[in-house]
Protein chains: 2
Amino acid sequence: MRILTDPAEVAAEARARRARGQRVGFVPTMGFLHAGHCSLMDLCRPRCDWLVVSIYVNPLQFGPTEDLERYPRDPEGDARQCEEHGVDAIFMPPRLYDPDHSTTVRVAELQDGLCGAARPGHFDGVTTVVARLFGLVQPEVAVFGEKDYQQLAVIRRMVRDLAMPVEVLGGPLVRDADGLALSSRNTYLSPAERARALSLHRALHRMRAVAAETDDVDVILTEGRALLDVDRLDYLEVRDGDDLRPLGRLRPSARAFVAGLVGRTRLIDNLGLAASP
Amino acid sequence: MRILTDPAEVAAEARARRARGQRVGFVPTMGFLHAGHCSLMDLCRPRCDWLVVSIYVNPLQFGPTEDLERYPRDPEGDARQCEEHGVDAIFMPPRLYDPDHSTTVRVAELQDGLCGAARPGHFDGVTTVVARLFGLVQPEVAVFGEKDYQQLAVIRRMVRDLAMPVEVLGGPLVRDADGLALSSRNTYLSPAERARALSLHRALHRMRAVAAETDDVDVILTEGRALLDVDRLDYLEVRDGDDLRPLGRLRPSARAFVAGLVGRTRLIDNLGLAASP
């Protein structure tokens with residue numbers, strides 16, 4: 001497994017691989033990898049010849065009051081997990097943008113509400129970094145986790161609108177044994193906070209149970225909200241899983257989304273409300 | 001020569017060509033082709049195996065009061081000229097964007113002043129359409145005219161920032177025998193307007209002559225302005241030809257830029273102020 005740090009180097013290597021007819025696969029991450037990231041590598045591995053994982057804490061997608069500076073890092077643990085999951089190259093640039101970088105890629109729709117409301121500019125940072133990473137790595141297939149469900153929808157829209165020649169795959173959300181959605185930010189949680197963080201997942205499951213009885217989204221939301229134990233609720237919503245429009249009545253594609261602060265840690269989770277897992 | 005109208009078809013064809021190791025060359029245009037466009041094809045032809053010219057009047061880059069509806073069109077003349085200049089495929093989609101297209105590519109710098117001031121949103125439309133066209137055509141080399149000098153600078157910046165694997169070449173501005181910079185919009189001009197339109201080019205040449213005598217940009221501008229015979233002057237400026245920053249003193253990379261209305265027709269021109277042609 002190679003560690004590449006120079007954007008020009010990864011671009012040249014990707015170009016050479018493609019010229020030899022190899023399929024490039026790509027999993028972009030911000031590092032501090034966990035089983036959720038590894039499941040994305042496992043999804044990508046059989047679909048490509050050269051599997052690249054990027055590790056870059058992208059400042060463009062952090063707001064001024066967010067946790068850019070304290071975002072957890074573990075380069076050695078990351079390398080070990082990548083190695084174990086058959087990654088061919090880690091791309092971890094100390095600097096990704098030119099000092100006078102001035103281009104933004106913006107998806108105007110799909111940002112309304114959910115994390116777009118609580119984190120203004122966040123998705124512009126995501127689409128911009130993903131566009132640049134796609135330019136460098138030139139993947140034929142790229143995998144993103146459904147944990148960041150809105151992010152996946154925004155990226156799919158960018159790829160479609162800009163006709164990027166990349167197949168985007170979503171990987172299912174991975175949970176800990178107690179049900180907490182895996183997130184690098186879980187490391188911030190104290191034991192007491194972690195216990196309260198489980199209320200997100202419990203609320204979503206309660207909503208799915210209620211959804212088997214009624215198609216009235218207001219009823220479903222009320223039942224879910226009653227279980228939440230967070231310090232600030234950013235949103236609890238039911239939206240269409242395909243186009244993210246808010247729903248008043250249940251549909252087969254309905255999905256529940258939640259985000260909130262437990263202590264200082266912002267957590268998100270989501271769950272399809274159809275009966276099947 | 002093939003005429004392709006379906007975005008999916010041009011993408012599939014470009015992909016197949018690249019898989020066979022062919023180099024794709026690309027000249028994006030809005031049609032109503034003239035010798036300026038043909039010079040771009042000639043520049044691209046020896047640099048690629050498959051030369052694509054797109055013809056698409058991109059609504060995203062027109063303001064609400066601009067000439068989108070009356071922009072001149074001549075598909076048969078365009079096809080003849082493309083054929084004569086060795087083009088392999090014309091891509092002329094009746095519709096380029098999905099109905100719910102929602103992605104914008106924006107270069108924040110390089111838009112201040114010049115045409116960016118007179119045409120708000122114009123360059124966002126340009127970078128967005130070029131990004132989408134690059135995604136479809138996947139060129140290794142693309143050629144843009146220096147007539148639209150600021151546009152070329154903005155596109156180069158986008159390509160660098162998003163690490164697009166495309167070599168961007170600028171083709172020199174082409175003039176009619178009387179000195180008027182070739183433009184599809186010249187067709188709007190009455191004979192009397194055309195005579196006055198020559199004042200743009202005369203002003204720029206006067207400025208270059210004055211620049212041989214002084215490095216004071218104010219003096220150079222005053223001399224140029226005195227020759228202009230336009231109905232509305234959008235700008236007459238001296239800027240650095242590399243990064244487009246305004247100059248107070250002459251430098252070897254200095255370039256003069258002018259834009260204005262003659263009758264209802266907006267014309268632009270530019271000229272390097274160094275002594276060499």
# chains A, B, ... in the order shown; residues from 1 in each chain; ligands from 1

call {"tool": "select_by_dssp", "arguments": {"residues": "range 62-153 of chain B", "states": "strand (DSSP E)", "output": "number ranges by chain"}}
result
B: 89-91, 103-107, 141-145

call {"tool": "interface_residues", "arguments": {"of": "chain B", "to": "chain A", "cutoff": "8 Å", "atoms": "only C-alpha atoms", "output": "ChimeraX atom specification"}}
result
/B:19,21,97-98,101-109,128,131-133,135-136,157-158,161-165

call {"tool": "write_last_selection", "arguments": {"atoms": "N, CA and C atoms", "output": "PDB file, in the first residue's frame"}}
result
ATOM      1  N   ALA B  19     -11.139   4.911 -24.326  1.00  0.00           N
ATOM      2  CA  ALA B  19     -10.787   3.522 -23.983  1.00  0.00           C
ATOM      3  C   ALA B  19      -9.891   2.913 -25.051  1.00  0.00           C
ATOM      4  N   GLY B  21      -7.618   4.549 -26.465  1.00  0.00           N
ATOM      5  CA  GLY B  21      -6.354   5.278 -26.416  1.00  0.00           C
ATOM      6  C   GLY B  21      -6.323   6.520 -27.280  1.00  0.00           C
ATOM      7  N   TYR B  97     -29.340  20.641 -20.241  1.00  0.00           N
ATOM      8  CA  TYR B  97     -29.484  20.453 -18.795  1.00  0.00           C
ATOM      9  C   TYR B  97     -30.738  19.651 -18.466  1.00  0.00           C
ATOM     10  N   ASP B  98     -30.677  18.898 -17.378  1.00  0.00           N
ATOM     11  CA  ASP B  98     -31.894  18.275 -16.853  1.00  0.00           C
ATOM     12  C   ASP B  98     -32.831  19.377 -16.370  1.00  0.00           C
ATOM     13  N   HIS B 101     -31.858  20.701 -13.088  1.00  0.00           N
ATOM     14  CA  HIS B 101     -30.432  21.009 -12.928  1.00  0.00           C
ATOM     15  C   HIS B 101     -30.266  22.005 -11.785  1.00  0.00           C
ATOM     16  N   SER B 102     -29.323  21.771 -10.906  1.00  0.00           N
ATOM     17  CA  SER B 102     -29.210  22.677  -9.760  1.00  0.00           C
ATOM     18  C   SER B 102     -27.764  22.936  -9.344  1.00  0.00           C
ATOM     19  N   THR B 103     -26.807  22.615 -10.193  1.00  0.00           N
ATOM     20  CA  THR B 103     -25.401  22.789  -9.834  1.00  0.00           C
ATOM     21  C   THR B 103     -24.802  23.988 -10.563  1.00  0.00           C
ATOM     22  N   THR B 104     -24.079  24.800  -9.815  1.00  0.00           N
ATOM     23  CA  THR B 104     -23.359  25.939 -10.378  1.00  0.00           C
ATOM     24  C   THR B 104     -21.886  25.824 -10.027  1.00  0.00           C
ATOM     25  N   VAL B 105     -21.025  26.079 -11.001  1.00  0.00           N
ATOM     26  CA  VAL B 105     -19.598  26.183 -10.733  1.00  0.00           C
ATOM     27  C   VAL B 105     -19.247  27.660 -10.804  1.00  0.00           C
ATOM     28  N   ARG B 106     -18.633  28.159  -9.732  1.00  0.00           N
ATOM     29  CA  ARG B 106     -18.376  29.589  -9.643  1.00  0.00           C
ATOM     30  C   ARG B 106     -16.908  29.846  -9.315  1.00  0.00           C
ATOM     31  N   VAL B 107     -16.269  30.679 -10.110  1.00  0.00           N
ATOM     32  CA  VAL B 107     -14.913  31.135  -9.838  1.00  0.00           C
ATOM     33  C   VAL B 107     -15.040  32.531  -9.243  1.00  0.00           C
ATOM     34  N   ALA B 108     -14.714  32.659  -7.952  1.00  0.00           N
ATOM     35  CA  ALA B 108     -14.999  33.922  -7.255  1.00  0.00           C
ATOM     36  C   ALA B 108     -14.066  35.035  -7.711  1.00  0.00           C
ATOM     37  N   GLU B 109     -12.813  34.715  -7.906  1.00  0.00           N
ATOM     38  CA  GLU B 109     -11.887  35.752  -8.363  1.00  0.00           C
ATOM     39  C   GLU B 109     -11.949  35.872  -9.882  1.00  0.00           C
ATOM     40  N   THR B 128     -20.177  26.845 -15.537  1.00  0.00           N
ATOM     41  CA  THR B 128     -21.086  25.706 -15.345  1.00  0.00           C
ATOM     42  C   THR B 128     -21.260  24.927 -16.641  1.00  0.00           C
ATOM     43  N   ALA B 131     -17.980  23.100 -17.485  1.00  0.00           N
ATOM     44  CA  ALA B 131     -17.776  21.925 -16.622  1.00  0.00           C
ATOM     45  C   ALA B 131     -18.643  20.767 -17.102  1.00  0.00           C
ATOM     46  N   ARG B 132     -19.892  21.060 -17.429  1.00  0.00           N
ATOM     47  CA  ARG B 132     -20.782  19.975 -17.891  1.00  0.00           C
ATOM     48  C   ARG B 132     -20.318  19.429 -19.245  1.00  0.00           C
ATOM     49  N   LEU B 133     -19.923  20.325 -20.138  1.00  0.00           N
ATOM     50  CA  LEU B 133     -19.439  19.865 -21.449  1.00  0.00           C
ATOM     51  C   LEU B 133     -18.158  19.043 -21.304  1.00  0.00           C
ATOM     52  N   GLY B 135     -17.399  17.283 -18.756  1.00  0.00           N
ATOM     53  CA  GLY B 135     -17.827  16.000 -18.209  1.00  0.00           C
ATOM     54  C   GLY B 135     -18.328  15.065 -19.293  1.00  0.00           C
ATOM     55  N   LEU B 136     -19.087  15.608 -20.235  1.00  0.00           N
ATOM     56  CA  LEU B 136     -19.636  14.783 -21.317  1.00  0.00           C
ATOM     57  C   LEU B 136     -18.569  14.376 -22.322  1.00  0.00           C
ATOM     58  N   ARG B 157      -8.724  28.922 -14.433  1.00  0.00           N
ATOM     59  CA  ARG B 157      -8.733  28.834 -12.976  1.00  0.00           C
ATOM     60  C   ARG B 157      -9.618  27.680 -12.505  1.00  0.00           C
ATOM     61  N   MET B 158     -10.792  27.555 -13.111  1.00  0.00           N
ATOM     62  CA  MET B 158     -11.682  26.439 -12.755  1.00  0.00           C
ATOM     63  C   MET B 158     -10.984  25.099 -12.970  1.00  0.00           C
ATOM     64  N   ASP B 161      -8.363  24.622 -10.266  1.00  0.00           N
ATOM     65  CA  ASP B 161      -8.920  24.428  -8.923  1.00  0.00           C
ATOM     66  C   ASP B 161      -9.614  23.076  -8.792  1.00  0.00           C
ATOM     67  N   LEU B 162     -10.320  22.649  -9.830  1.00  0.00           N
ATOM     68  CA  LEU B 162     -11.027  21.368  -9.750  1.00  0.00           C
ATOM     69  C   LEU B 162     -10.194  20.235 -10.339  1.00  0.00           C
ATOM     70  N   ALA B 163      -8.924  20.518 -10.629  1.00  0.00           N
ATOM     71  CA  ALA B 163      -7.984  19.485 -11.089  1.00  0.00           C
ATOM     72  C   ALA B 163      -8.543  18.722 -12.280  1.00  0.00           C
ATOM     73  N   MET B 164      -9.257  19.443 -13.150  1.00  0.00           N
ATOM     74  CA  MET B 164      -9.817  18.757 -14.318  1.00  0.00           C
ATOM     75  C   MET B 164      -8.672  18.320 -15.229  1.00  0.00           C
ATOM     76  N   PRO B 165      -8.714  17.083 -15.703  1.00  0.00           N
ATOM     77  CA  PRO B 165      -7.595  16.569 -16.494  1.00  0.00           C
ATOM     78  C   PRO B 165      -7.679  17.019 -17.961  1.00  0.00           C
TER      79      PRO B 165
END

call {"tool": "closest_residue", "arguments": {"among": "B:Val87, B:Leu189, B:Leu227, B:Ala211", "to": "Thr265 in chain B", "atoms": "only C-alpha atoms"}}
result
B:Leu189

call {"tool": "calpha_fit_and_write", "arguments": {"fixed": "chain A", "moving": "chain B", "output": "compact mmCIF listing (two decimals) with C-alpha atoms, in the first residue's frame"}}
result
# COMPACT_ATOMS: atom_id res chain seq x y z
CA MET B 1 -0.01 0.01 0.00
CA ARG B 2 1.34 3.41 -0.97
CA ILE B 3 0.92 6.68 0.89
CA LEU B 4 0.62 9.61 -1.50
CA THR B 5 0.70 13.18 -0.25
CA ASP B 6 1.17 15.24 -3.42
CA PRO B 7 -1.94 16.02 -5.48
CA ALA B 8 0.12 15.98 -8.68
CA GLU B 9 1.46 12.54 -7.80
CA VAL B 10 -1.96 10.96 -7.23
CA ALA B 11 -3.20 12.55 -10.47
CA ALA B 12 -0.26 11.15 -12.44
CA GLU B 13 -0.63 7.71 -10.90
CA ALA B 14 -4.39 7.62 -11.55
CA ARG B 15 -3.82 8.72 -15.12
CA ALA B 16 -1.23 5.99 -15.69
CA ARG B 17 -3.56 3.35 -14.21
CA ARG B 18 -6.44 4.41 -16.42
CA ALA B 19 -4.19 4.46 -19.49
CA ARG B 20 -3.40 0.82 -18.74
CA GLY B 21 -7.13 0.06 -18.68
CA GLN B 22 -7.40 -0.27 -14.92
CA ARG B 23 -10.56 0.78 -13.06
CA VAL B 24 -9.92 3.30 -10.30
CA GLY B 25 -12.10 3.07 -7.18
CA PHE B 26 -12.27 5.82 -4.59
CA VAL B 27 -13.44 6.28 -1.00
CA PRO B 28 -13.05 9.89 0.21
CA THR B 29 -12.85 10.28 4.00
CA MET B 30 -11.76 12.71 6.70
CA GLY B 31 -9.83 9.95 8.47
CA PHE B 32 -10.17 8.62 12.02
CA LEU B 33 -11.53 5.58 10.24
CA HIS B 34 -14.01 3.13 11.76
CA ALA B 35 -15.98 0.10 10.62
CA GLY B 36 -18.33 2.36 8.66
CA HIS B 37 -15.49 3.57 6.46
CA CYS B 38 -14.15 0.03 6.15
CA SER B 39 -17.52 -1.16 4.86
CA LEU B 40 -17.22 1.44 2.07
CA MET B 41 -13.79 0.11 1.15
CA ASP B 42 -15.21 -3.43 1.09
CA LEU B 43 -17.99 -2.25 -1.22
CA CYS B 44 -15.52 -0.58 -3.57
CA ARG B 45 -12.77 -3.22 -3.56
CA PRO B 46 -14.35 -5.80 -5.91
CA ARG B 47 -15.44 -3.01 -8.30
CA CYS B 48 -11.99 -1.66 -9.13
CA ASP B 49 -8.38 -2.53 -9.85
CA TRP B 50 -6.81 0.36 -7.94
CA LEU B 51 -8.52 1.40 -4.70
CA VAL B 52 -7.68 4.85 -3.33
CA VAL B 53 -8.81 6.18 0.05
CA SER B 54 -8.33 9.88 0.65
CA ILE B 55 -7.88 11.25 4.15
CA TYR B 56 -8.33 14.98 4.29
CA VAL B 57 -10.08 17.12 6.89
CA ASN B 58 -11.52 19.64 4.47
CA PRO B 59 -11.62 23.12 5.99
CA LEU B 60 -14.13 24.32 3.36
CA GLN B 61 -16.90 22.22 4.88
CA PHE B 62 -16.49 23.42 8.47
CA GLY B 63 -18.27 26.50 9.79
CA PRO B 64 -16.36 29.08 11.85
CA THR B 65 -17.77 27.72 15.15
CA GLU B 66 -17.34 24.06 14.26
CA ASP B 67 -14.75 21.47 15.26
CA LEU B 68 -12.17 21.78 12.48
CA GLU B 69 -9.28 22.27 14.89
CA ARG B 70 -10.18 19.42 17.22
CA TYR B 71 -11.42 16.97 14.58
CA PRO B 72 -9.89 13.64 15.66
CA ARG B 73 -6.92 12.22 13.77
CA ASP B 74 -5.20 8.84 13.81
CA PRO B 75 -3.01 8.39 10.73
CA GLU B 76 -1.45 5.14 11.97
CA GLY B 77 -4.76 3.50 12.83
CA ASP B 78 -6.13 4.71 9.50
CA ALA B 79 -3.23 3.17 7.57
CA ARG B 80 -3.63 -0.15 9.40
CA GLN B 81 -7.34 -0.38 8.59
CA CYS B 82 -6.79 0.59 4.96
CA GLU B 83 -4.13 -2.10 4.67
CA GLU B 84 -6.46 -4.69 6.21
CA HIS B 85 -9.19 -3.83 3.71
CA GLY B 86 -7.07 -4.12 0.61
CA VAL B 87 -6.60 -0.44 -0.15
CA ASP B 88 -3.89 0.20 -2.76
CA ALA B 89 -3.14 3.83 -1.95
CA ILE B 90 -3.94 6.38 0.72
CA PHE B 91 -4.02 9.95 -0.53
CA MET B 92 -3.43 12.24 2.45
CA PRO B 93 -2.37 15.68 1.25
CA PRO B 94 -1.13 18.13 3.89
CA ARG B 95 -2.58 20.83 1.63
CA LEU B 96 -5.16 20.23 -1.05
CA TYR B 97 -5.94 23.68 -2.44
CA ASP B 98 -3.78 26.31 -4.11
CA PRO B 99 -3.39 29.42 -1.94
CA ASP B 100 -5.52 31.40 -4.41
CA HIS B 101 -8.12 28.67 -4.90
CA SER B 102 -11.29 30.44 -5.95
CA THR B 103 -13.71 27.87 -7.39
CA THR B 104 -16.86 26.68 -5.64
CA VAL B 105 -19.22 23.96 -6.81
CA ARG B 106 -22.69 24.54 -5.45
CA VAL B 107 -25.80 22.37 -5.64
CA ALA B 108 -28.66 24.80 -5.02
CA GLU B 109 -31.37 22.25 -4.35
CA LEU B 110 -31.25 19.45 -1.77
CA GLN B 111 -29.50 21.83 0.64
CA ASP B 112 -32.70 23.34 2.00
CA GLY B 113 -33.34 22.09 5.48
CA LEU B 114 -31.70 19.19 7.29
CA CYS B 115 -27.96 19.81 7.69
CA GLY B 116 -28.05 22.55 5.05
CA ALA B 117 -29.99 24.80 7.45
CA ALA B 118 -27.83 24.12 10.50
CA ARG B 119 -24.52 24.27 8.62
CA PRO B 120 -24.63 27.07 6.02
CA GLY B 121 -21.95 26.61 3.36
CA HIS B 122 -21.22 23.07 4.51
CA PHE B 123 -22.38 21.32 1.35
CA ASP B 124 -20.63 23.84 -0.90
CA GLY B 125 -17.45 22.76 0.86
CA VAL B 126 -18.33 19.11 0.35
CA THR B 127 -19.14 19.38 -3.35
CA THR B 128 -16.08 21.53 -3.99
CA VAL B 129 -13.68 19.11 -2.31
CA VAL B 130 -15.29 16.09 -3.94
CA ALA B 131 -15.11 17.72 -7.38
CA ARG B 132 -11.41 18.46 -6.85
CA LEU B 133 -10.72 14.97 -5.51
CA PHE B 134 -12.58 13.41 -8.44
CA GLY B 135 -10.48 15.55 -10.77
CA LEU B 136 -7.27 14.29 -9.18
CA VAL B 137 -8.19 10.63 -8.66
CA GLN B 138 -10.37 10.26 -11.80
CA PRO B 139 -12.33 7.35 -10.30
CA GLU B 140 -14.75 5.23 -12.26
CA VAL B 141 -16.52 4.31 -9.03
CA ALA B 142 -16.71 6.23 -5.74
CA VAL B 143 -18.41 5.18 -2.51
CA PHE B 144 -20.01 7.42 0.13
CA GLY B 145 -21.78 6.39 3.31
CA GLU B 146 -25.55 6.69 3.75
CA LYS B 147 -24.83 7.96 7.25
CA ASP B 148 -24.38 11.33 5.55
CA TYR B 149 -27.50 10.79 3.52
CA GLN B 150 -28.05 14.37 2.41
CA GLN B 151 -24.39 14.63 1.42
CA LEU B 152 -24.78 11.55 -0.77
CA ALA B 153 -27.86 13.05 -2.45
CA VAL B 154 -26.05 16.35 -3.06
CA ILE B 155 -23.02 14.57 -4.53
CA ARG B 156 -25.19 12.42 -6.80
CA ARG B 157 -26.84 15.57 -8.10
CA MET B 158 -23.50 17.27 -8.75
CA VAL B 159 -22.24 14.21 -10.60
CA ARG B 160 -25.35 14.10 -12.76
CA ASP B 161 -25.45 17.85 -13.46
CA LEU B 162 -21.76 18.11 -14.36
CA ALA B 163 -21.85 14.78 -16.22
CA MET B 164 -18.90 13.53 -14.21
CA PRO B 165 -17.94 10.08 -15.50
CA VAL B 166 -18.12 8.50 -12.03
CA GLU B 167 -20.46 5.87 -10.67
CA VAL B 168 -21.49 6.94 -7.16
CA LEU B 169 -22.45 4.18 -4.74
CA GLY B 170 -24.01 4.63 -1.31
CA GLY B 171 -22.91 2.31 1.48
CA PRO B 172 -25.39 1.41 4.26
CA LEU B 173 -24.99 3.11 7.63
CA VAL B 174 -23.08 0.98 10.16
CA ARG B 175 -24.04 0.93 13.85
CA ASP B 176 -22.27 -0.06 17.02
CA ALA B 177 -23.65 -3.01 18.98
CA ASP B 178 -25.77 -0.61 21.07
CA GLY B 179 -27.28 0.96 17.93
CA LEU B 180 -25.29 4.21 17.84
CA ALA B 181 -24.48 5.17 14.25
CA LEU B 182 -20.72 5.01 13.80
CA SER B 183 -19.09 8.43 13.52
CA SER B 184 -15.59 9.73 14.04
CA ARG B 185 -17.18 12.33 16.30
CA ASN B 186 -18.43 9.65 18.72
CA THR B 187 -14.96 9.83 20.24
CA TYR B 188 -15.93 13.20 21.73
CA LEU B 189 -18.72 11.65 23.83
CA SER B 190 -18.38 11.03 27.58
CA PRO B 191 -20.01 7.79 28.80
CA ALA B 192 -23.05 9.73 30.05
CA GLU B 193 -23.32 11.59 26.74
CA ARG B 194 -23.01 8.37 24.80
CA ALA B 195 -25.95 6.90 26.73
CA ARG B 196 -28.06 9.92 25.79
CA ALA B 197 -26.81 9.77 22.17
CA LEU B 198 -28.59 6.42 21.84
CA SER B 199 -31.86 8.34 21.99
CA LEU B 200 -31.39 9.36 18.34
CA HIS B 201 -31.39 5.80 17.15
CA ARG B 202 -34.22 4.83 19.52
CA ALA B 203 -36.36 7.69 18.25
CA LEU B 204 -35.84 6.62 14.63
CA HIS B 205 -36.74 3.01 15.41
CA ARG B 206 -39.81 4.11 17.31
CA MET B 207 -40.84 6.16 14.27
CA ARG B 208 -40.44 3.14 12.02
CA ALA B 209 -42.65 1.12 14.38
CA VAL B 210 -45.30 3.85 14.41
CA ALA B 211 -45.07 4.12 10.61
CA ALA B 212 -46.36 0.54 10.40
CA GLU B 213 -49.57 1.79 12.06
CA THR B 214 -50.18 5.23 10.52
CA ASP B 215 -49.16 7.24 7.48
CA ASP B 216 -49.60 10.56 9.30
CA VAL B 217 -46.12 12.05 9.50
CA ASP B 218 -47.09 14.44 12.32
CA VAL B 219 -48.02 11.51 14.51
CA ILE B 220 -44.81 9.70 13.61
CA LEU B 221 -42.72 12.77 14.41
CA THR B 222 -44.44 13.36 17.74
CA GLU B 223 -43.75 9.80 18.82
CA GLY B 224 -40.10 10.07 17.82
CA ARG B 225 -39.55 13.46 19.38
CA ALA B 226 -40.76 12.20 22.75
CA LEU B 227 -37.79 9.82 22.95
CA LEU B 228 -35.05 12.31 22.07
CA ASP B 229 -32.67 13.33 24.85
CA VAL B 230 -30.43 15.95 23.23
CA ASP B 231 -29.15 19.37 24.27
CA ARG B 232 -30.14 21.03 21.02
CA LEU B 233 -32.34 19.46 18.37
CA ASP B 234 -31.34 20.66 14.89
CA TYR B 235 -34.06 18.70 13.15
CA LEU B 236 -36.25 15.63 13.22
CA GLU B 237 -37.92 15.20 9.87
CA VAL B 238 -39.49 12.73 7.50
CA ARG B 239 -38.48 13.24 3.89
CA ASP B 240 -38.49 11.38 0.63
CA GLY B 241 -35.34 9.26 0.46
CA ASP B 242 -34.92 9.93 -3.25
CA ASP B 243 -35.32 13.70 -3.66
CA LEU B 244 -35.34 14.76 0.02
CA ARG B 245 -38.60 16.68 -0.21
CA PRO B 246 -40.50 16.93 3.10
CA LEU B 247 -43.45 14.52 3.40
CA GLY B 248 -46.78 15.01 5.15
CA ARG B 249 -47.93 11.48 4.39
CA LEU B 250 -45.85 8.35 4.42
CA ARG B 251 -44.59 6.85 1.15
CA PRO B 252 -42.52 3.69 0.56
CA SER B 253 -39.43 5.87 0.04
CA ALA B 254 -39.96 7.82 3.30
CA ARG B 255 -36.94 8.26 5.51
CA ALA B 256 -36.52 9.77 8.97
CA PHE B 257 -33.63 12.18 9.59
CA VAL B 258 -32.37 13.51 12.90
CA ALA B 259 -29.55 15.79 14.02
CA GLY B 260 -28.74 17.36 17.35
CA LEU B 261 -26.13 18.24 19.91
CA VAL B 262 -25.31 15.96 22.82
CA GLY B 263 -22.99 18.02 24.99
CA ARG B 264 -20.83 19.81 22.41
CA THR B 265 -21.00 16.95 19.91
CA ARG B 266 -23.23 17.18 16.88
CA LEU B 267 -24.66 13.81 15.86
CA ILE B 268 -26.79 12.77 12.90
CA ASP B 269 -28.69 9.60 12.03
CA ASN B 270 -31.28 8.43 9.51
CA LEU B 271 -33.48 5.41 8.89
CA GLY B 272 -35.80 4.23 6.14
CA LEU B 273 -39.36 4.01 7.45
CA ALA B 274 -40.51 1.17 5.23
CA ALA B 275 -41.03 -2.12 7.07
CA SER B 276 -38.07 -3.91 5.52
CA PRO B 277 -34.66 -3.39 7.14

call {"tool": "select_by_dssp", "arguments": {"residues": "range 22-236 of chain A", "states": "helix (DSSP H, G or I)", "output": "count of residues only"}}
result
97
